[in-house]
Every structure is written in C-alpha cells, then in structure tokens.
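Trainee: File follows, my_file_15.cif with mmCIF, C-alpha atoms:
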```cif
data_final
loop_
_atom_site.group_PDB
_atom_site.id
_atom_site.type_symbol
_atom_site.label_atom_id
_atom_site.label_comp_id
_atom_site.auth_asym_id
_atom_site.auth_seq_id
_atom_site.Cartn_x
_atom_site.Cartn_y
_atom_site.Cartn_z
ATOM 1 C CA MET A 1 0.000 0.000 0.000
ATOM 2 C CA ALA A 2 1.349 3.407 -0.962
ATOM 3 C CA ARG A 3 1.902 5.942 1.779
ATOM 4 C CA GLU A 4 -0.898 8.157 0.422
ATOM 5 C CA ASP A 5 -3.365 5.245 0.392
ATOM 6 C CA TYR A 6 -2.344 4.282 3.928
ATOM 7 C CA VAL A 7 -2.952 7.792 5.259
ATOM 8 C CA GLU A 8 -6.236 8.052 3.362
ATOM 9 C CA SER A 9 -7.503 4.736 4.763
ATOM 10 C CA ARG A 10 -6.692 5.815 8.318
ATOM 11 C CA HIS A 11 -8.457 9.126 7.709
ATOM 12 C CA ILE A 12 -11.585 7.292 6.549
ATOM 13 C CA VAL A 13 -11.494 5.063 9.628
ATOM 14 C CA TRP A 14 -11.473 8.137 11.877
ATOM 15 C CA GLN A 15 -14.247 9.755 9.840
ATOM 16 C CA MET A 16 -16.397 6.643 10.283
ATOM 17 C CA LYS A 17 -15.680 6.879 14.040
ATOM 18 C CA ILE A 18 -14.709 3.217 14.111
ATOM 19 C CA PRO A 19 -12.195 3.699 16.984
ATOM 20 C CA GLU A 20 -14.838 5.469 19.106
ATOM 21 C CA ILE A 21 -17.528 2.903 18.297
ATOM 22 C CA VAL A 22 -15.353 -0.117 19.060
ATOM 23 C CA LEU A 23 -13.898 1.384 22.249
ATOM 24 C CA ASP A 24 -17.389 2.346 23.464
ATOM 25 C CA MET A 25 -18.644 -1.137 22.672
ATOM 26 C CA TYR A 26 -15.863 -2.734 24.703
ATOM 27 C CA LEU A 27 -16.076 -0.419 27.725
ATOM 28 C CA ASN A 28 -19.874 -0.335 28.008
ATOM 29 C CA TYR A 29 -20.894 -3.797 26.837
ATOM 30 C CA VAL A 30 -18.293 -6.398 25.926
ATOM 31 C CA ARG A 31 -16.377 -6.404 29.203
ATOM 32 C CA VAL A 32 -19.578 -6.718 31.280
ATOM 33 C CA LEU A 33 -21.348 -9.294 29.099
ATOM 34 C CA PRO A 34 -19.900 -12.296 31.003
ATOM 35 C CA SER A 35 -21.347 -11.032 34.306
ATOM 36 C CA TRP A 36 -24.620 -10.063 32.609
ATOM 37 C CA LYS A 37 -24.885 -13.576 31.209
ATOM 38 C CA GLN A 38 -24.709 -14.977 34.767
ATOM 39 C CA SER A 39 -26.751 -12.396 36.672
ATOM 40 C CA PHE A 40 -28.895 -10.564 34.102
ATOM 41 C CA PRO A 41 -29.303 -12.859 31.076
ATOM 42 C CA ALA A 42 -32.247 -10.829 29.746
ATOM 43 C CA TYR A 43 -29.815 -7.968 29.072
ATOM 44 C CA VAL A 44 -27.706 -10.087 26.697
ATOM 45 C CA HIS A 45 -28.930 -9.459 23.156
ATOM 46 C CA PRO A 46 -30.200 -12.606 21.359
ATOM 47 C CA LEU A 47 -27.640 -11.981 18.598
ATOM 48 C CA ILE A 48 -24.923 -12.808 21.135
ATOM 49 C CA ARG A 49 -24.801 -16.590 21.022
ATOM 50 C CA GLY A 50 -21.896 -17.009 23.408
ATOM 51 C CA VAL A 51 -19.772 -14.990 25.840
ATOM 52 C CA VAL A 52 -16.540 -16.209 27.430
ATOM 53 C CA GLU A 53 -14.102 -14.350 29.671
ATOM 54 C CA LEU A 54 -10.844 -15.839 28.419
ATOM 55 C CA ALA A 55 -8.725 -13.849 30.887
ATOM 56 C CA PRO A 56 -8.933 -10.596 32.828
ATOM 57 C CA ASN A 57 -9.666 -7.880 30.238
ATOM 58 C CA LYS A 58 -9.964 -10.467 27.462
ATOM 59 C CA THR A 59 -13.461 -11.418 26.296
ATOM 60 C CA GLN A 60 -14.741 -13.584 23.490
ATOM 61 C CA ILE A 61 -18.174 -13.006 22.001
ATOM 62 C CA ILE A 62 -19.817 -15.229 19.412
ATOM 63 C CA THR A 63 -22.523 -13.901 17.110
ATOM 64 C CA GLU A 64 -24.658 -15.743 14.575
ATOM 65 C CA THR A 65 -21.937 -15.483 11.946
ATOM 66 C CA SER A 66 -18.677 -14.464 13.599
ATOM 67 C CA GLU A 67 -16.353 -14.791 16.541
ATOM 68 C CA TYR A 68 -14.623 -11.826 18.184
ATOM 69 C CA VAL A 69 -11.999 -11.464 20.871
ATOM 70 C CA PHE A 70 -11.508 -8.113 22.614
ATOM 71 C CA ALA A 71 -8.246 -7.751 24.525
ATOM 72 C CA PHE A 72 -7.506 -4.682 26.662
ATOM 73 C CA ASP A 73 -4.023 -3.954 28.001
ATOM 74 C CA GLU A 74 -3.318 -1.089 30.398
ATOM 75 C CA ARG A 75 0.189 0.129 31.157
ATOM 76 C CA THR A 76 1.807 2.774 33.321
ATOM 77 C CA THR A 77 4.922 4.369 31.865
ATOM 78 C CA PHE A 78 7.274 6.947 33.304
ATOM 79 C CA VAL A 79 7.685 9.812 30.841
ATOM 80 C CA LEU A 80 11.036 11.450 31.394
ATOM 81 C CA ASP A 81 10.166 14.767 29.717
ATOM 82 C CA ALA A 82 7.028 15.176 31.812
ATOM 83 C CA ALA A 83 8.647 13.634 34.906
ATOM 84 C CA GLU A 84 5.482 11.735 35.743
ATOM 85 C CA LEU A 85 3.764 8.384 35.372
ATOM 86 C CA VAL A 86 1.401 8.209 32.415
ATOM 87 C CA ARG A 87 -1.351 5.636 31.892
ATOM 88 C CA THR A 88 -1.698 4.257 28.406
ATOM 89 C CA GLY A 89 -3.425 1.271 26.911
ATOM 90 C CA PHE A 90 -4.175 -0.813 23.864
ATOM 91 C CA LEU A 91 -7.367 -2.402 22.662
ATOM 92 C CA GLU A 92 -7.116 -5.258 20.177
ATOM 93 C CA VAL A 93 -9.965 -6.838 18.246
ATOM 94 C CA LEU A 94 -9.632 -10.256 16.642
ATOM 95 C CA TYR A 95 -12.169 -11.307 14.040
ATOM 96 C CA ASN A 96 -12.312 -15.072 13.437
ATOM 97 C CA ASP A 97 -8.791 -15.391 14.940
ATOM 98 C CA ALA A 98 -7.323 -12.589 12.810
ATOM 99 C CA LEU A 99 -6.180 -9.250 14.225
ATOM 100 C CA VAL A 100 -8.261 -6.570 12.521
ATOM 101 C CA LEU A 101 -7.903 -3.582 14.863
ATOM 102 C CA ARG A 102 -5.402 -2.310 17.392
ATOM 103 C CA LEU A 103 -5.999 1.021 19.073
ATOM 104 C CA SER A 104 -3.709 3.026 21.297
ATOM 105 C CA ILE A 105 -5.743 4.702 24.028
ATOM 106 C CA SER A 106 -5.224 6.943 27.036
ATOM 107 C CA PRO A 107 -7.249 8.634 29.788
ATOM 108 C CA PRO A 108 -9.263 11.698 28.763
ATOM 109 C CA ASP A 109 -7.983 15.251 28.778
ATOM 110 C CA SER A 110 -9.694 17.999 30.749
ATOM 111 C CA ASP A 111 -12.022 18.765 27.820
ATOM 112 C CA GLU A 112 -13.010 15.095 27.440
ATOM 113 C CA LEU A 113 -14.764 14.586 30.762
ATOM 114 C CA GLY A 114 -17.280 11.761 31.007
ATOM 115 C CA LYS A 115 -15.023 9.236 29.324
ATOM 116 C CA SER A 116 -12.704 6.741 30.980
ATOM 117 C CA TRP A 117 -10.530 6.100 27.912
ATOM 118 C CA VAL A 118 -10.101 7.846 24.556
ATOM 119 C CA ALA A 119 -8.732 6.398 21.318
ATOM 120 C CA ARG A 120 -5.555 8.211 20.272
ATOM 121 C CA GLY A 121 -4.116 6.175 17.420
ATOM 122 C CA ILE A 122 -4.715 3.280 15.054
ATOM 123 C CA GLU A 123 -1.849 0.809 15.224
ATOM 124 C CA GLU A 124 -3.489 -1.828 13.032
ATOM 125 C CA PHE A 125 -6.577 -1.890 10.847
ATOM 126 C CA LYS A 126 -7.878 -4.408 8.329
ATOM 127 C CA ASP A 127 -11.110 -3.603 6.572
ATOM 128 C CA GLY A 128 -13.786 -6.258 6.247
ATOM 129 C CA GLU A 129 -17.312 -7.388 7.057
ATOM 130 C CA TRP A 130 -16.575 -7.078 10.748
ATOM 131 C CA VAL A 131 -16.772 -3.253 10.519
ATOM 132 C CA THR A 132 -20.427 -3.280 9.467
ATOM 133 C CA GLU A 133 -21.353 -6.055 11.897
ATOM 134 C CA LEU A 134 -19.798 -4.401 14.947
ATOM 135 C CA THR A 135 -21.176 -0.976 14.009
ATOM 136 C CA GLN A 136 -24.683 -2.414 13.812
ATOM 137 C CA LEU A 137 -24.226 -4.621 16.864
ATOM 138 C CA VAL A 138 -23.271 -1.804 19.227
ATOM 139 C CA HIS A 139 -26.477 0.064 18.329
ATOM 140 C CA GLN A 140 -28.509 -3.121 18.816
ATOM 141 C CA LEU A 141 -26.917 -3.708 22.223
ATOM 142 C CA ALA A 142 -27.747 -0.146 23.314
ATOM 143 C CA SER A 143 -31.357 -0.431 22.095
ATOM 144 C CA HIS A 144 -31.786 -3.804 23.779
ATOM 145 C CA GLU A 145 -30.515 -2.446 27.106
ATOM 146 C CA ILE A 146 -32.966 0.489 26.947
ATOM 147 C CA GLU A 147 -35.805 -1.900 26.103
ATOM 148 C CA GLN A 148 -35.012 -4.146 29.073
ATOM 149 C CA GLU A 149 -34.843 -1.139 31.414
ATOM 150 C CA LYS A 150 -38.289 -0.019 30.223
ATOM 151 C CA LYS A 151 -39.690 -3.510 30.813
ATOM 152 C CA GLU A 152 -38.264 -3.614 34.333
ATOM 153 C CA GLU A 153 -39.650 -0.163 35.109
ATOM 154 C CA ALA A 154 -43.105 -1.191 33.840
ATOM 155 C CA LEU A 155 -42.938 -4.316 35.997
ATOM 156 C CA ARG A 156 -42.016 -2.255 39.073
ATOM 157 C CA GLN A 157 -44.904 0.110 38.430
ATOM 158 C CA ASN A 158 -47.325 -2.815 38.102
ATOM 159 C CA GLU A 159 -46.066 -4.288 41.377
ATOM 160 C CA LEU A 160 -46.518 -0.938 43.167
ATOM 161 C CA GLN A 161 -50.040 -0.648 41.770
ATOM 162 C CA ASP A 162 -50.887 -4.191 42.904
ATOM 163 C CA VAL A 163 -49.634 -3.419 46.414
ATOM 164 C CA ALA A 164 -51.686 -0.191 46.544
ATOM 165 C CA GLU A 165 -54.829 -2.013 45.401
ATOM 166 C CA LEU A 166 -54.278 -4.768 47.970
ATOM 167 C CA LYS A 167 -53.918 -2.220 50.780
ATOM 168 C CA GLU A 168 -57.125 -0.535 49.687
ATOM 169 C CA LYS A 169 -59.036 -3.830 49.694
ATOM 170 C CA LEU A 170 -57.705 -4.770 53.130
ATOM 171 C CA SER A 171 -58.664 -1.383 54.557
ATOM 172 C CA THR A 172 -62.322 -1.984 53.560
ATOM 173 C CA LEU A 173 -62.376 -5.548 54.888
ATOM 174 C CA LEU A 174 -60.790 -5.030 58.307
ATOM 175 C CA PRO A 175 -63.265 -4.021 61.113
ATOM 176 C CA VAL A 176 -62.874 -0.686 62.838
ATOM 177 C CA THR A 177 -61.166 -1.338 66.166
ATOM 178 C CA THR A 178 -62.219 0.553 69.277
ATOM 179 C CA GLU A 179 -59.567 2.214 71.328
ATOM 180 C CA LYS A 180 -58.499 -0.066 74.154
ATOM 181 C CA ILE A 181 -57.786 1.176 77.667
ATOM 182 C CA PRO A 182 -54.293 0.197 78.775
ATOM 183 C CA TRP A 183 -54.134 -2.487 81.487
ATOM 184 C CA PHE A 184 -52.536 -0.166 84.016
ATOM 185 C CA GLN A 185 -55.526 2.195 83.806
ATOM 186 C CA HIS A 186 -57.774 -0.749 84.698
ATOM 187 C CA ALA A 187 -55.512 -1.512 87.655
ATOM 188 C CA VAL A 188 -55.543 2.086 88.949
ATOM 189 C CA GLY A 189 -59.343 2.212 88.715
ATOM 190 C CA ALA A 190 -59.743 -1.035 90.622
ATOM 191 C CA LEU A 191 -57.399 0.150 93.372
ATOM 192 C CA ARG A 192 -59.308 3.430 93.700
ATOM 193 C CA ASN A 193 -62.635 1.580 94.025
ATOM 194 C CA TRP A 194 -61.180 -0.761 96.675
ATOM 195 C CA ARG A 195 -59.952 2.178 98.771
ATOM 196 C CA LEU A 196 -63.333 3.962 98.586
ATOM 197 C CA ASP A 197 -65.161 0.804 99.613
ATOM 198 C CA LYS A 198 -62.775 0.296 102.487
ATOM 199 C CA TRP A 199 -63.187 3.917 103.725
ATOM 200 C CA ARG A 200 -66.991 3.625 103.629
ATOM 201 C CA ARG A 201 -66.860 0.602 105.909
ATOM 202 C CA PHE A 202 -65.268 2.709 108.605
#
```
Rewrite the structure of this file - the entire thing - as structure tokens.
Mentor:
Amino acid sequence: MAREDYVESRHIVWQMKIPEIVLDMYLNYVRVLPSWKQSFPAYVHPLIRGVVELAPNKTQIITETSEYVFAFDERTTFVLDAAELVRTGFLEVLYNDALVLRLSISPPDSDELGKSWVARGIEEFKDGEWVTELTQLVHQLASHEIEQEKKEEALRQNELQDVAELKEKLSTLLPVTTEKIPWFQHAVGALRNWRLDKWRRF
C-alpha cells in the first residue's frame, strides 16, 4: 500500500468513528457481558450466542456469523520529559482469529470529561465485514438495554399498583377497632374503688 493510500484509509477510519464505536462497545458492553450472562441474562442481546471471559480484560463473544476477541491492556509508563507516570493502553480486536484492529488509548484530557478512555491512534486496521457487523451490533446492544430497562420499570410500576390495590381492599375488609384502655388504667381504677369501699366501711 502506498503511503498516500495508507494515510487516506486511516483518515476514513477516523471519519467513520470506528475507533470510538469499538472502544465504546468494549467499555460499556463487551467487558460486562460475562457477568450479565450470569446475573442478568435478559440484558444479553439474542444476537450474542456465546460470551466467554478468556482472561482478565480479554473477552470472546460469538454472534450468529462471527467470533470476536476483545483484549484490553493497560500500562503505566514513566515519561522522562514530563517527569510523571502516564497511563496508556491498547485495545485489540480479533475477528475469526485474525487481528483486525489495534488502538492506542489513554485517559481523557480535561475537555473530554465523562469518558474513561479515549482512542488516540490506530496501530493496526484491516477492513472487512466485521466493521459493518460491529457498528450495527453496538447500536442493537444499546437499544436492547434500553428496552429491558423499560420492561423492568413497567414491571415495578405494576407491582406498586398491585400493592396499593391490595392495601385498599384490606382497609375496607378489616373491622374498625375501638380504642383499648391500657391495662394499668384498669388496675388504677380497681385500686381506687377498693380504697373507697374500704373507707366507707369505717
């Protein structure tokens, strides 16, 4: 590939926001899918046929047609010029056992608040069907999560309504209780009556 073609291809990748999309997909979905599969299976999109945590920060997901491995590597390096420790990282994506993307990433700058990591460079990129599939999949994962949250909220509202209706029914069925006099008031009254009866006898 000529140098001009190489630069142009990288420019197109940035324009398509592929680094941002893939990094967002890993941080917000891929790395939590194994725990979701165990604890919240309804949140795992049906298109995800399998999820395996191969190692810490290394996750395999299997779709209807493909197999992906996301591998995240974080490092801390001492930068001599800045005289400080700097956190950097890499995110690799394997598509059917072939490396198709490798991003260099780092923590956000002051004007990039709200993000935990930001893509800074493209170390490796191979175009293919995986680009379209992952781009579509991340939107489907986000929509599926929103849909599940709405279902859970509707279920909570129904449960609260059922509880309110049950309380209302019970309030109409239970008899009105009269106020009871405490036992010690009965005892004081009895003692007073005994003393009056005793005084009258004298």
Trainee: Residues at most 8 Å from Ile122 of chain A, counting all atoms listed in the file, excluding those fewer than 5 positions away in the same chain, as an NGL selection string?
Mentor: :A and (10 or 19 or 101-104)
Trainee: I'd like the interatomic distance between atom CA of Lys151 of chain A and atom CA of Lys37 of chain A, to a tenth of an Å.
Mentor: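 If I compute the distance from atom CA of Lys151 of chain A to atom CA of Lys37 of chain A, I get 17.9 Å.
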Trainee: Quick one: residues within 12 Å of Val13 of chain A, only C-alpha atoms counted, chain neighbours fewer than 6 positions away excluded, as a list in words?
Mentor: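 Neighbouring residues, sequence-local ones excluded: Tyr6, Val7, Pro19, Glu20, Ile21, Val22, Leu101, Leu103, Gly121, Ile122, Glu123, Glu124, Phe125, Lys126, Asp127 and Val131 of chain A.
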Trainee: Could you tell me how far atom CA of Gly89 of chain A sits from atom CA of Glu74 of chain A, in Å to one decimal place?
Mentor: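 Computed distance, atom CA of Glu74 of chain A to atom CA of Gly89 of chain A, equals 4.2 Å.
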Trainee: For atom CA of Gly50 of chain A and atom CA of Leu137 of chain A, quote the distance in Å rounded to one decimal.
Mentor: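 Separation between atom CA of Gly50 of chain A and atom CA of Leu137 of chain A: 14.2 Å.
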Trainee: Given the file above and the PyMOL selection byres ((chain A and resi 31) around 10), which residues are selected, and can you give them as a ChimeraX atom specification?
Mentor: /A:25-30,32-36,51-53,56-61,70-72
Trainee: Under the PyMOL selection byres ((chain A and resi 119) around 6), which residues of this model are included? Write them out as a ChimeraX atom specification.
Mentor: /A:105,118,120
Trainee: Near Phe78 of chain A, counting only C-alpha atoms, which residues have an atom at most 12 Å away, once you skip same-chain residues fewer than 6 positions from it, shown as a PyMOL selection string?
Mentor: chain A and resi 84-88
Trainee: Carefully work through the PyMOL selection byres ((chain A and resi 108) around 6) for this structure and note down the residues it includes, as a VMD selection string.
Mentor: chain A and resid 107 109 112 117 to 118
